[in-house]
Every structure is written in structure tokens, then in C-alpha cells.
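One file, model-v5.csv, is given below (CSV, N, CA and C atoms).
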chain,number,residue,atom,x,y,z
A,1,MET,N,139.0,139.4,79.7
A,1,MET,CA,137.9,138.4,79.8
A,1,MET,C,137.3,138.3,78.4
A,2,GLY,N,137.2,137.0,78.0
A,2,GLY,CA,136.6,136.7,76.7
A,2,GLY,C,135.1,136.8,76.7
A,3,LEU,N,134.5,136.8,75.6
A,3,LEU,CA,133.1,136.8,75.4
A,3,LEU,C,132.4,135.7,76.1
A,4,LEU,N,132.9,134.5,76.0
A,4,LEU,CA,132.2,133.3,76.6
A,4,LEU,C,132.7,133.0,78.0
A,5,ASP,N,133.6,133.7,78.6
A,5,ASP,CA,134.1,133.4,79.9
A,5,ASP,C,133.0,133.4,81.0
A,6,ARG,N,132.0,134.1,80.9
A,6,ARG,CA,130.9,134.1,81.9
A,6,ARG,C,130.2,132.8,81.8
A,7,PHE,N,130.1,132.1,80.7
A,7,PHE,CA,129.5,130.8,80.6
A,7,PHE,C,130.4,129.7,81.0
A,8,ARG,N,131.7,129.9,80.9
A,8,ARG,CA,132.7,128.9,81.3
A,8,ARG,C,133.1,129.0,82.8
A,9,GLY,N,132.6,130.0,83.4
A,9,GLY,CA,132.9,130.1,84.9
A,9,GLY,C,134.0,131.2,85.2
A,10,GLY,N,134.5,131.8,84.1
A,10,GLY,CA,135.5,132.8,84.4
A,10,GLY,C,136.9,132.2,84.8
A,11,ARG,N,137.8,133.1,85.0
A,11,ARG,CA,139.1,132.7,85.4
A,11,ARG,C,139.1,132.4,86.9
A,12,GLY,N,139.9,131.4,87.3
A,12,GLY,CA,140.1,131.1,88.8
A,12,GLY,C,138.9,130.3,89.4
A,13,ARG,N,137.8,130.2,88.7
A,13,ARG,CA,136.7,129.4,89.3
A,13,ARG,C,136.6,128.0,88.7
A,14,SER,N,137.3,127.8,87.6
A,14,SER,CA,137.1,126.5,86.9
A,14,SER,C,137.8,125.4,87.7
A,15,ARG,N,137.4,124.2,87.6
A,15,ARG,CA,137.9,123.1,88.4
A,15,ARG,C,139.2,122.6,87.7
A,16,SER,N,140.3,122.6,88.4
A,16,SER,CA,141.6,122.2,87.8
A,16,SER,C,141.9,120.8,88.4
A,17,VAL,N,142.2,119.9,87.5
A,17,VAL,CA,142.5,118.6,88.0
A,17,VAL,C,143.9,118.6,88.7
A,18,ALA,N,144.8,119.3,88.2
A,18,ALA,CA,146.1,119.4,88.8
A,18,ALA,C,146.0,119.9,90.3
A,19,ARG,N,145.2,120.9,90.5
A,19,ARG,CA,145.0,121.5,91.8
A,19,ARG,C,144.3,120.7,92.7
A,20,ASP,N,143.2,120.0,92.2
A,20,ASP,CA,142.3,119.3,93.1
A,20,ASP,C,142.7,117.8,93.2
A,21,SER,N,143.5,117.2,92.4
A,21,SER,CA,143.7,115.8,92.3
A,21,SER,C,144.3,115.2,93.6
A,22,ALA,N,145.1,115.9,94.3
A,22,ALA,CA,145.7,115.4,95.5
A,22,ALA,C,144.7,115.2,96.6
A,23,SER,N,143.8,116.1,96.7
A,23,SER,CA,142.7,116.0,97.7
A,23,SER,C,141.7,114.9,97.3
A,24,GLU,N,141.4,114.8,96.0
A,24,GLU,CA,140.5,113.8,95.5
A,24,GLU,C,141.1,112.4,95.7
A,25,VAL,N,142.4,112.2,95.4
A,25,VAL,CA,143.0,110.9,95.6
A,25,VAL,C,143.0,110.6,97.1
A,26,ARG,N,143.3,111.6,98.0
A,26,ARG,CA,143.3,111.3,99.4
A,26,ARG,C,141.9,110.9,99.9
A,27,ALA,N,140.9,111.6,99.4
A,27,ALA,CA,139.5,111.2,99.8
A,27,ALA,C,139.2,109.8,99.3
A,28,LEU,N,139.6,109.4,98.1
A,28,LEU,CA,139.4,108.0,97.6
A,28,LEU,C,140.1,107.0,98.5
A,29,ALA,N,141.4,107.3,98.8
A,29,ALA,CA,142.2,106.4,99.6
A,29,ALA,C,141.6,106.2,101.0
A,30,ASP,N,141.1,107.3,101.6
A,30,ASP,CA,140.4,107.1,102.9
A,30,ASP,C,139.1,106.3,102.8
A,31,TRP,N,138.4,106.5,101.7
A,31,TRP,CA,137.2,105.7,101.5
A,31,TRP,C,137.5,104.3,101.3
A,32,ALA,N,138.5,104.0,100.5
A,32,ALA,CA,138.9,102.6,100.2
A,32,ALA,C,139.4,101.9,101.5
A,33,ARG,N,140.1,102.6,102.3
A,33,ARG,CA,140.7,101.9,103.5
A,33,ARG,C,139.6,101.6,104.5
A,34,SER,N,138.4,102.3,104.4
A,34,SER,CA,137.4,102.0,105.4
A,34,SER,C,136.3,101.0,104.9
A,35,ARG,N,136.6,100.4,103.8
A,35,ARG,CA,135.7,99.4,103.2
A,35,ARG,C,136.5,98.1,102.8
A,36,ARG,N,135.7,97.0,102.6
A,36,ARG,CA,136.3,95.8,102.2
A,36,ARG,C,136.2,95.5,100.7
A,37,GLY,N,137.1,94.8,100.2
A,37,GLY,CA,137.0,94.3,98.8
A,37,GLY,C,136.9,95.4,97.7
A,38,VAL,N,137.6,96.5,97.9
A,38,VAL,CA,137.4,97.6,97.0
A,38,VAL,C,138.2,97.4,95.6
A,39,GLU,N,137.5,97.7,94.6
A,39,GLU,CA,138.1,97.7,93.2
A,39,GLU,C,137.9,99.0,92.6
A,40,ALA,N,138.9,99.4,91.7
A,40,ALA,CA,138.8,100.7,91.0
A,40,ALA,C,138.4,100.5,89.6
A,41,PHE,N,137.5,101.3,89.1
A,41,PHE,CA,137.1,101.3,87.7
A,41,PHE,C,137.3,102.7,87.2
A,42,ILE,N,138.2,102.8,86.1
A,42,ILE,CA,138.6,104.0,85.5
A,42,ILE,C,137.7,104.4,84.4
A,43,GLU,N,137.1,105.6,84.5
A,43,GLU,CA,136.2,106.1,83.4
A,43,GLU,C,137.0,107.1,82.6
A,44,PRO,N,136.8,107.1,81.3
A,44,PRO,CA,137.6,107.9,80.4
A,44,PRO,C,137.2,109.4,80.5
A,45,LYS,N,138.1,110.2,80.0
A,45,LYS,CA,137.9,111.7,80.0
A,45,LYS,C,136.7,112.0,79.0
A,46,THR,N,135.9,112.9,79.4
A,46,THR,CA,134.7,113.3,78.6
A,46,THR,C,134.9,114.8,78.3
A,47,THR,N,133.9,115.4,77.6
A,47,THR,CA,134.0,116.8,77.4
A,47,THR,C,133.7,117.6,78.7
A,48,VAL,N,133.1,117.0,79.7
A,48,VAL,CA,132.8,117.7,80.9
A,48,VAL,C,133.8,117.4,82.0
A,49,THR,N,134.3,116.2,82.1
A,49,THR,CA,135.3,115.9,83.2
A,49,THR,C,136.5,115.2,82.7
A,50,ASP,N,137.6,115.3,83.5
A,50,ASP,CA,138.8,114.6,83.2
A,50,ASP,C,138.6,113.1,83.6
A,51,VAL,N,139.6,112.3,83.6
A,51,VAL,CA,139.5,110.9,83.9
A,51,VAL,C,139.0,110.8,85.4
A,52,THR,N,138.1,109.9,85.6
A,52,THR,CA,137.5,109.7,87.0
A,52,THR,C,137.8,108.3,87.4
A,53,ALA,N,137.8,108.1,88.7
A,53,ALA,CA,138.0,106.8,89.3
A,53,ALA,C,136.7,106.5,90.1
A,54,VAL,N,136.1,105.3,89.9
A,54,VAL,CA,135.0,104.9,90.7
A,54,VAL,C,135.5,103.7,91.5
A,55,LEU,N,135.4,103.9,92.8
A,55,LEU,CA,135.7,102.8,93.7
A,55,LEU,C,134.5,102.0,94.1
A,56,VAL,N,134.5,100.7,94.0
A,56,VAL,CA,133.3,99.9,94.4
A,56,VAL,C,133.7,98.9,95.4
A,57,ALA,N,133.0,98.9,96.6
A,57,ALA,CA,133.3,98.0,97.7
A,57,ALA,C,132.6,96.7,97.4
A,58,VAL,N,132.9,95.7,98.2
A,58,VAL,CA,132.3,94.3,98.1
A,58,VAL,C,130.8,94.3,98.1
A,59,ASP,N,130.2,95.2,98.9
A,59,ASP,CA,128.7,95.3,99.1
A,59,ASP,C,128.0,96.1,98.0
A,60,GLY,N,128.8,96.7,97.1
A,60,GLY,CA,128.3,97.5,96.0
A,60,GLY,C,128.3,99.0,96.2
A,61,GLU,N,128.6,99.4,97.5
A,61,GLU,CA,128.7,100.8,97.8
A,61,GLU,C,129.8,101.4,96.9
A,62,TRP,N,129.6,102.6,96.4
A,62,TRP,CA,130.6,103.2,95.5
A,62,TRP,C,130.7,104.7,95.7
A,63,THR,N,131.9,105.2,95.2
A,63,THR,CA,132.1,106.6,95.2
A,63,THR,C,132.9,107.0,93.9
A,64,ARG,N,132.8,108.2,93.4
A,64,ARG,CA,133.5,108.6,92.2
A,64,ARG,C,134.2,110.0,92.4
A,65,ARG,N,135.4,110.1,91.9
A,65,ARG,CA,136.1,111.3,92.0
A,65,ARG,C,136.9,111.6,90.7
A,66,ILE,N,137.2,112.8,90.4
A,66,ILE,CA,138.0,113.2,89.3
A,66,ILE,C,139.5,113.1,89.8
A,67,VAL,N,140.3,112.3,89.1
A,67,VAL,CA,141.6,112.1,89.6
A,67,VAL,C,142.7,112.2,88.5
A,68,GLY,N,142.3,112.3,87.2
A,68,GLY,CA,143.2,112.3,86.1
A,68,GLY,C,143.8,110.9,85.9
A,69,GLU,N,144.4,110.7,84.7
A,69,GLU,CA,144.9,109.4,84.4
A,69,GLU,C,146.0,108.9,85.3
A,70,ARG,N,147.0,109.8,85.5
A,70,ARG,CA,148.1,109.4,86.4
A,70,ARG,C,147.6,109.2,87.9
A,71,GLY,N,146.7,110.0,88.3
A,71,GLY,CA,146.2,109.9,89.7
A,71,GLY,C,145.5,108.6,89.9
A,72,ALA,N,144.7,108.1,88.9
A,72,ALA,CA,144.0,106.9,89.0
A,72,ALA,C,145.0,105.7,89.2
A,73,ARG,N,146.0,105.7,88.3
A,73,ARG,CA,146.9,104.5,88.4
A,73,ARG,C,147.7,104.6,89.7
A,74,LYS,N,148.2,105.8,90.1
A,74,LYS,CA,148.9,105.9,91.3
A,74,LYS,C,148.1,105.5,92.5
A,75,LEU,N,146.8,105.8,92.5
A,75,LEU,CA,145.9,105.4,93.6
A,75,LEU,C,145.8,103.9,93.7
A,76,ALA,N,145.6,103.3,92.6
A,76,ALA,CA,145.4,101.8,92.6
A,76,ALA,C,146.7,101.1,93.0
A,77,ASP,N,147.8,101.7,92.6
A,77,ASP,CA,149.1,101.1,93.0
A,77,ASP,C,149.4,101.2,94.5
A,78,ALA,N,149.1,102.4,95.0
A,78,ALA,CA,149.3,102.7,96.4
A,78,ALA,C,148.4,101.9,97.3
A,79,LEU,N,147.1,101.7,96.9
A,79,LEU,CA,146.2,100.9,97.7
A,79,LEU,C,146.3,99.4,97.4
A,80,LYS,N,147.0,99.0,96.4
A,80,LYS,CA,147.1,97.6,96.0
A,80,LYS,C,145.7,97.0,95.7
A,81,ILE,N,144.9,97.7,94.9
A,81,ILE,CA,143.6,97.2,94.6
A,81,ILE,C,143.6,97.0,93.0
A,82,PRO,N,142.7,96.1,92.6
A,82,PRO,CA,142.6,95.8,91.1
A,82,PRO,C,142.0,97.1,90.4
A,83,VAL,N,142.5,97.3,89.2
A,83,VAL,CA,142.0,98.4,88.4
A,83,VAL,C,141.4,97.9,87.1
A,84,TYR,N,140.2,98.4,86.7
A,84,TYR,CA,139.6,97.9,85.5
A,84,TYR,C,139.2,99.2,84.7
A,85,ASP,N,139.2,99.0,83.4
A,85,ASP,CA,138.8,100.0,82.4
A,85,ASP,C,137.3,99.8,82.2
A,86,VAL,N,136.5,100.8,82.5
A,86,VAL,CA,135.0,100.7,82.4
A,86,VAL,C,134.6,100.4,80.9
A,87,ASN,N,135.4,101.0,80.0
A,87,ASN,CA,135.0,100.7,78.6
A,87,ASN,C,135.2,99.2,78.2
A,88,LYS,N,136.1,98.5,78.9
A,88,LYS,CA,136.3,97.1,78.6
A,88,LYS,C,135.5,96.2,79.5
A,89,THR,N,135.3,96.5,80.7
A,89,THR,CA,134.6,95.6,81.6
A,89,THR,C,133.2,96.0,82.0
A,90,GLY,N,132.9,97.3,81.9
A,90,GLY,CA,131.6,97.7,82.4
A,90,GLY,C,131.6,97.9,83.9
A,91,TYR,N,130.5,98.2,84.5
A,91,TYR,CA,130.4,98.4,85.9
A,91,TYR,C,130.0,97.0,86.5
A,92,PRO,N,130.4,96.7,87.7
A,92,PRO,CA,130.0,95.5,88.3
A,92,PRO,C,128.5,95.4,88.7
A,93,GLN,N,127.9,94.3,88.6
A,93,GLN,CA,126.5,94.1,89.0
A,93,GLN,C,126.2,94.5,90.4
A,94,ARG,N,127.1,94.3,91.3
A,94,ARG,CA,126.9,94.6,92.7
A,94,ARG,C,126.7,96.1,92.9
A,95,MET,N,127.2,96.9,92.0
A,95,MET,CA,127.1,98.4,92.1
A,95,MET,C,125.6,98.7,91.7
A,96,ARG,N,125.1,98.1,90.6
A,96,ARG,CA,123.7,98.4,90.2
A,96,ARG,C,122.8,97.8,91.3
A,97,ASP,N,123.1,96.7,91.9
A,97,ASP,CA,122.2,96.1,92.9
A,97,ASP,C,122.1,97.1,94.1
A,98,PHE,N,123.3,97.6,94.5
A,98,PHE,CA,123.3,98.6,95.6
A,98,PHE,C,122.5,99.8,95.4
A,99,ASP,N,122.5,100.3,94.2
A,99,ASP,CA,121.7,101.5,93.8
A,99,ASP,C,120.2,101.1,93.8
A,100,ALA,N,119.9,99.9,93.3
A,100,ALA,CA,118.5,99.5,93.4
A,100,ALA,C,118.0,99.3,94.8
A,101,ARG,N,118.8,98.7,95.7
A,101,ARG,CA,118.4,98.6,97.1
A,101,ARG,C,118.2,100.0,97.7
A,102,ARG,N,119.1,100.9,97.4
A,102,ARG,CA,119.0,102.2,98.0
A,102,ARG,C,117.7,102.9,97.5
A,103,ARG,N,117.4,102.8,96.3
A,103,ARG,CA,116.1,103.4,95.7
A,103,ARG,C,114.9,102.8,96.4
A,104,ILE,N,114.9,101.5,96.7
A,104,ILE,CA,113.8,100.8,97.3
A,104,ILE,C,113.7,101.3,98.8
A,105,GLU,N,114.8,101.4,99.5
A,105,GLU,CA,114.8,101.9,100.8
A,105,GLU,C,114.3,103.3,100.9
A,106,GLN,N,114.7,104.2,100.0
A,106,GLN,CA,114.2,105.6,100.0
A,106,GLN,C,112.7,105.6,99.7
A,107,ARG,N,112.2,104.8,98.8
A,107,ARG,CA,110.8,104.8,98.5
A,107,ARG,C,110.0,104.3,99.7
A,108,ARG,N,110.5,103.3,100.4
A,108,ARG,CA,109.8,102.8,101.6
A,108,ARG,C,109.8,103.9,102.7
A,109,ALA,N,110.9,104.6,102.8
A,109,ALA,CA,111.0,105.7,103.8
A,109,ALA,C,110.0,106.8,103.5
A,110,ARG,N,109.8,107.1,102.2
A,110,ARG,CA,108.9,108.2,101.8
A,110,ARG,C,107.4,107.7,102.1
A,111,GLU,N,107.2,106.4,101.8
A,111,GLU,CA,105.8,105.9,102.0
A,111,GLU,C,105.5,105.8,103.5
A,112,ALA,N,106.5,105.4,104.3
A,112,ALA,CA,106.2,105.3,105.7
A,112,ALA,C,106.0,106.7,106.3
A,113,GLU,N,106.7,107.7,105.8
A,113,GLU,CA,106.6,109.1,106.2
A,113,GLU,C,105.2,109.6,105.8
A,114,PHE,N,104.7,109.2,104.7
A,114,PHE,CA,103.4,109.6,104.2
A,114,PHE,C,102.3,109.0,105.0
A,115,ASP,N,102.5,107.7,105.4
A,115,ASP,CA,101.5,107.0,106.2
A,115,ASP,C,101.3,107.6,107.6
A,116,GLU,N,102.3,108.2,108.1
A,116,GLU,CA,102.3,108.7,109.5
A,116,GLU,C,101.5,109.9,109.7

How does the structure come out when it is put into C-alpha cells?
Amino acid sequence: MGLLDRFRGGRGRSRSVARDSASEVRALADWARSRRGVEAFIEPKTTVTDVTAVLVAVDGEWTRRIVGERGARKLADALKIPVYDVNKTGYPQRMRDFDARRRIEQRRAREAEFDE
């Protein structure tokens, strides 16, 4: 055990893309099949995570999973959905609108709960 292993999570507890990618891709595929107009947006690898895929439905609902570069392309090919590079296209406006609506709904729910 190295000096910094306690800060890195130690052996066996770190998140491995190779080990988890099949279940992540399966979860994304199930999510995409249950919604209309889904598009994939690929986010680049960062110092914290590997390549991630963000799926966005026609109403703006979205989900994100770590899938790795090959997993993202395979997922889009299997589902026959369009794939975009976030660095080139950015996120769709409907995704931001969905988040804004959700924040408003949550605020209203908190206010209604406070008024009761």
C-alpha cells in the first residue's frame, strides 16, 4: 500500500471503467428506449472521470453515465441515435430548460410545504 492510497480509495475500491462500463451502457440503453427523441452527447475524459455519455430526450430530460470512448460510440450505434461532441456543439437548450423547470417546481413545492 502506497503512501497516498488512502486518499485514492485504496486497491479494489476505485471505479474501473472496464468493469463498470457494461452495466452503465445497459442502463443508458434502457433509459433511451423508454424515451422519445434521444440524442447522445459525448463529454471528454477529465482528471476525475473517463469519457461520459449524456443522453438527452426530446423534452430535455437527461442522464449521464461513464462509458469510455468505445462504449459511447457502441451505444449510439446500437441505439441508432445521433451522437454529438459536447466540445463542438455544446449542450442543447432543451436540457437547460428542463433543469430550469425542475428548479422552479422544486421551489414551488418547498414554498407550498412552508405555507401549510

Return as a compact mmCIF listing (two decimals) with N, CA and C atoms, in the frame of the given file the full set of residues in chain A whose backbone-based DSSP assignment is strand (DSSP E or B).
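See result_36.txt below for the written result:
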# COMPACT_ATOMS: atom_id res chain seq x y z
N GLU A 39 137.50 97.70 94.60
CA GLU A 39 138.10 97.70 93.20
C GLU A 39 137.90 99.00 92.60
N ALA A 40 138.90 99.40 91.70
CA ALA A 40 138.80 100.70 91.00
C ALA A 40 138.40 100.50 89.60
N PHE A 41 137.50 101.30 89.10
CA PHE A 41 137.10 101.30 87.70
C PHE A 41 137.30 102.70 87.20
N ILE A 42 138.20 102.80 86.10
CA ILE A 42 138.60 104.00 85.50
C ILE A 42 137.70 104.40 84.40
N GLU A 43 137.10 105.60 84.50
CA GLU A 43 136.20 106.10 83.40
C GLU A 43 137.00 107.10 82.60
N THR A 52 138.10 109.90 85.60
CA THR A 52 137.50 109.70 87.00
C THR A 52 137.80 108.30 87.40
N ALA A 53 137.80 108.10 88.70
CA ALA A 53 138.00 106.80 89.30
C ALA A 53 136.70 106.50 90.10
N VAL A 54 136.10 105.30 89.90
CA VAL A 54 135.00 104.90 90.70
C VAL A 54 135.50 103.70 91.50
N LEU A 55 135.40 103.90 92.80
CA LEU A 55 135.70 102.80 93.70
C LEU A 55 134.50 102.00 94.10
N VAL A 56 134.50 100.70 94.00
CA VAL A 56 133.30 99.90 94.40
C VAL A 56 133.70 98.90 95.40
N TRP A 62 129.60 102.60 96.40
CA TRP A 62 130.60 103.20 95.50
C TRP A 62 130.70 104.70 95.70
N THR A 63 131.90 105.20 95.20
CA THR A 63 132.10 106.60 95.20
C THR A 63 132.90 107.00 93.90
N ARG A 64 132.80 108.20 93.40
CA ARG A 64 133.50 108.60 92.20
C ARG A 64 134.20 110.00 92.40
N ARG A 65 135.40 110.10 91.90
CA ARG A 65 136.10 111.30 92.00
C ARG A 65 136.90 111.60 90.70
N ILE A 66 137.20 112.80 90.40
CA ILE A 66 138.00 113.20 89.30
C ILE A 66 139.50 113.10 89.80
N VAL A 83 142.50 97.30 89.20
CA VAL A 83 142.00 98.40 88.40
C VAL A 83 141.40 97.90 87.10
N TYR A 84 140.20 98.40 86.70
CA TYR A 84 139.60 97.90 85.50
C TYR A 84 139.20 99.20 84.70
N ASP A 85 139.20 99.00 83.40
CA ASP A 85 138.80 100.00 82.40
C ASP A 85 137.30 99.80 82.20

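Atom to atom, atom CA of A:Thr47 and atom CA of A:Met95 stand 24.5 Å apart.
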
Show me the residues close to (132.0, 115.1, 87.5) - anything with an atom within 7 Å, counting all atoms listed in the file - and format the list as a short mmCIF file (atom, residue, chain, number, x, y, z; two decimals) with N, CA and C atoms, in the coordinates of the input.
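Output below, filename selection-v4.cif:
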data_model
loop_
_atom_site.label_atom_id
_atom_site.label_comp_id
_atom_site.auth_asym_id
_atom_site.auth_seq_id
_atom_site.Cartn_x
_atom_site.Cartn_y
_atom_site.Cartn_z
N VAL A 48 133.10 117.00 79.70
CA VAL A 48 132.80 117.70 80.90
C VAL A 48 133.80 117.40 82.00
N THR A 49 134.30 116.20 82.10
CA THR A 49 135.30 115.90 83.20
C THR A 49 136.50 115.20 82.70
N ASP A 50 137.60 115.30 83.50
CA ASP A 50 138.80 114.60 83.20
C ASP A 50 138.60 113.10 83.60
N ARG A 65 135.40 110.10 91.90
CA ARG A 65 136.10 111.30 92.00
C ARG A 65 136.90 111.60 90.70
N ILE A 66 137.20 112.80 90.40
CA ILE A 66 138.00 113.20 89.30
C ILE A 66 139.50 113.10 89.80
#

Selection as a list in words: residues within 7 Å of (138.9, 97.3, 99.2), counting all atoms listed in the file: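 Nearby residues: Ala32, Arg33, Arg35, Arg36, Gly37, Val38, Glu39, Val56, Ala57, Val58 and Ile81 of chain A.
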
Between atom CA of A:Asp77 and atom CA of A:Asp59 - distance in Å to one decimal: 22.1 Å

In stretch 3-105 of chain A, DSSP alpha helix (DSSP H) residues written as a PyMOL selection string: chain A and resi 5-8+17-33+68-79+86-89+93-105

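In this model, the gap between atom N of A:Pro92 and atom C of A:Arg110 comes to 29.3 Å.
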
10 Å contact set for A:Glu69, only C-alpha atoms, chain neighbours under 6 positions out, as a ChimeraX atom specification: /A:42-45,50-53

Please list as a PDB file with N, CA and C atoms, in the coordinates of the input every residue within 12 Å of A:Thr89, counting only C-alpha atoms and excluding residues in the same chain fewer than 4 positions away.
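Done, and the output landed in part_37.pdb:
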ATOM      1  N   ALA A  40     138.900  99.400  91.700  1.00  0.00           N
ATOM      2  CA  ALA A  40     138.800 100.700  91.000  1.00  0.00           C
ATOM      3  C   ALA A  40     138.400 100.500  89.600  1.00  0.00           C
ATOM      4  N   PHE A  41     137.500 101.300  89.100  1.00  0.00           N
ATOM      5  CA  PHE A  41     137.100 101.300  87.700  1.00  0.00           C
ATOM      6  C   PHE A  41     137.300 102.700  87.200  1.00  0.00           C
ATOM      7  N   ILE A  42     138.200 102.800  86.100  1.00  0.00           N
ATOM      8  CA  ILE A  42     138.600 104.000  85.500  1.00  0.00           C
ATOM      9  C   ILE A  42     137.700 104.400  84.400  1.00  0.00           C
ATOM     10  N   GLU A  43     137.100 105.600  84.500  1.00  0.00           N
ATOM     11  CA  GLU A  43     136.200 106.100  83.400  1.00  0.00           C
ATOM     12  C   GLU A  43     137.000 107.100  82.600  1.00  0.00           C
ATOM     13  N   VAL A  83     142.500  97.300  89.200  1.00  0.00           N
ATOM     14  CA  VAL A  83     142.000  98.400  88.400  1.00  0.00           C
ATOM     15  C   VAL A  83     141.400  97.900  87.100  1.00  0.00           C
ATOM     16  N   TYR A  84     140.200  98.400  86.700  1.00  0.00           N
ATOM     17  CA  TYR A  84     139.600  97.900  85.500  1.00  0.00           C
ATOM     18  C   TYR A  84     139.200  99.200  84.700  1.00  0.00           C
ATOM     19  N   ASP A  85     139.200  99.000  83.400  1.00  0.00           N
ATOM     20  CA  ASP A  85     138.800 100.000  82.400  1.00  0.00           C
ATOM     21  C   ASP A  85     137.300  99.800  82.200  1.00  0.00           C
ATOM     22  N   GLN A  93     127.900  94.300  88.600  1.00  0.00           N
ATOM     23  CA  GLN A  93     126.500  94.100  89.000  1.00  0.00           C
ATOM     24  C   GLN A  93     126.200  94.500  90.400  1.00  0.00           C
TER      25      GLN A  93
END

Within 8 Å of A:Arg96 using all atoms listed in the file, minus same-chain residues under 6 positions, as a tab-separated table (two decimals) with N, CA and C atoms, in the frame of the given file:
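What landed in part03.tsv:
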chain	number	residue	atom	x	y	z
A	60	GLY	N	128.80	96.70	97.10
A	60	GLY	CA	128.30	97.50	96.00
A	60	GLY	C	128.30	99.00	96.20
A	61	GLU	N	128.60	99.40	97.50
A	61	GLU	CA	128.70	100.80	97.80
A	61	GLU	C	129.80	101.40	96.90
A	102	ARG	N	119.10	100.90	97.40
A	102	ARG	CA	119.00	102.20	98.00
A	102	ARG	C	117.70	102.90	97.50

Stretch 26-42 of chain A rebuilt with N, CA, C and O atoms, output as a CSV table (one decimal), keeping the file's coordinate frame:
chain,number,residue,atom,x,y,z
A,26,ARG,N,143.3,111.6,98.0
A,26,ARG,CA,143.3,111.3,99.4
A,26,ARG,C,141.9,110.9,99.9
A,26,ARG,O,141.8,110.0,100.7
A,27,ALA,N,140.9,111.6,99.4
A,27,ALA,CA,139.5,111.2,99.8
A,27,ALA,C,139.2,109.8,99.3
A,27,ALA,O,138.6,109.0,100.1
A,28,LEU,N,139.6,109.4,98.1
A,28,LEU,CA,139.4,108.0,97.6
A,28,LEU,C,140.1,107.0,98.5
A,28,LEU,O,139.6,105.9,98.8
A,29,ALA,N,141.4,107.3,98.8
A,29,ALA,CA,142.2,106.4,99.6
A,29,ALA,C,141.6,106.2,101.0
A,29,ALA,O,141.5,105.1,101.5
A,30,ASP,N,141.1,107.3,101.6
A,30,ASP,CA,140.4,107.1,102.9
A,30,ASP,C,139.1,106.3,102.8
A,30,ASP,O,138.9,105.5,103.7
A,31,TRP,N,138.4,106.5,101.7
A,31,TRP,CA,137.2,105.7,101.5
A,31,TRP,C,137.5,104.3,101.3
A,31,TRP,O,136.9,103.4,101.9
A,32,ALA,N,138.5,104.0,100.5
A,32,ALA,CA,138.9,102.6,100.2
A,32,ALA,C,139.4,101.9,101.5
A,32,ALA,O,139.1,100.7,101.7
A,33,ARG,N,140.1,102.6,102.3
A,33,ARG,CA,140.7,101.9,103.5
A,33,ARG,C,139.6,101.6,104.5
A,33,ARG,O,139.8,100.8,105.4
A,34,SER,N,138.4,102.3,104.4
A,34,SER,CA,137.4,102.0,105.4
A,34,SER,C,136.3,101.0,104.9
A,34,SER,O,135.3,100.8,105.6
A,35,ARG,N,136.6,100.4,103.8
A,35,ARG,CA,135.7,99.4,103.2
A,35,ARG,C,136.5,98.1,102.8
A,35,ARG,O,137.7,98.2,102.6
A,36,ARG,N,135.7,97.0,102.6
A,36,ARG,CA,136.3,95.8,102.2
A,36,ARG,C,136.2,95.5,100.7
A,36,ARG,O,135.2,95.9,100.2
A,37,GLY,N,137.1,94.8,100.2
A,37,GLY,CA,137.0,94.3,98.8
A,37,GLY,C,136.9,95.4,97.7
A,37,GLY,O,136.1,95.2,96.8
A,38,VAL,N,137.6,96.5,97.9
A,38,VAL,CA,137.4,97.6,97.0
A,38,VAL,C,138.2,97.4,95.6
A,38,VAL,O,139.3,96.9,95.6
A,39,GLU,N,137.5,97.7,94.6
A,39,GLU,CA,138.1,97.7,93.2
A,39,GLU,C,137.9,99.0,92.6
A,39,GLU,O,137.0,99.7,92.9
A,40,ALA,N,138.9,99.4,91.7
A,40,ALA,CA,138.8,100.7,91.0
A,40,ALA,C,138.4,100.5,89.6
A,40,ALA,O,138.9,99.6,88.9
A,41,PHE,N,137.5,101.3,89.1
A,41,PHE,CA,137.1,101.3,87.7
A,41,PHE,C,137.3,102.7,87.2
A,41,PHE,O,136.9,103.7,87.7
A,42,ILE,N,138.2,102.8,86.1
A,42,ILE,CA,138.6,104.0,85.5
A,42,ILE,C,137.7,104.4,84.4
A,42,ILE,O,137.4,103.6,83.5
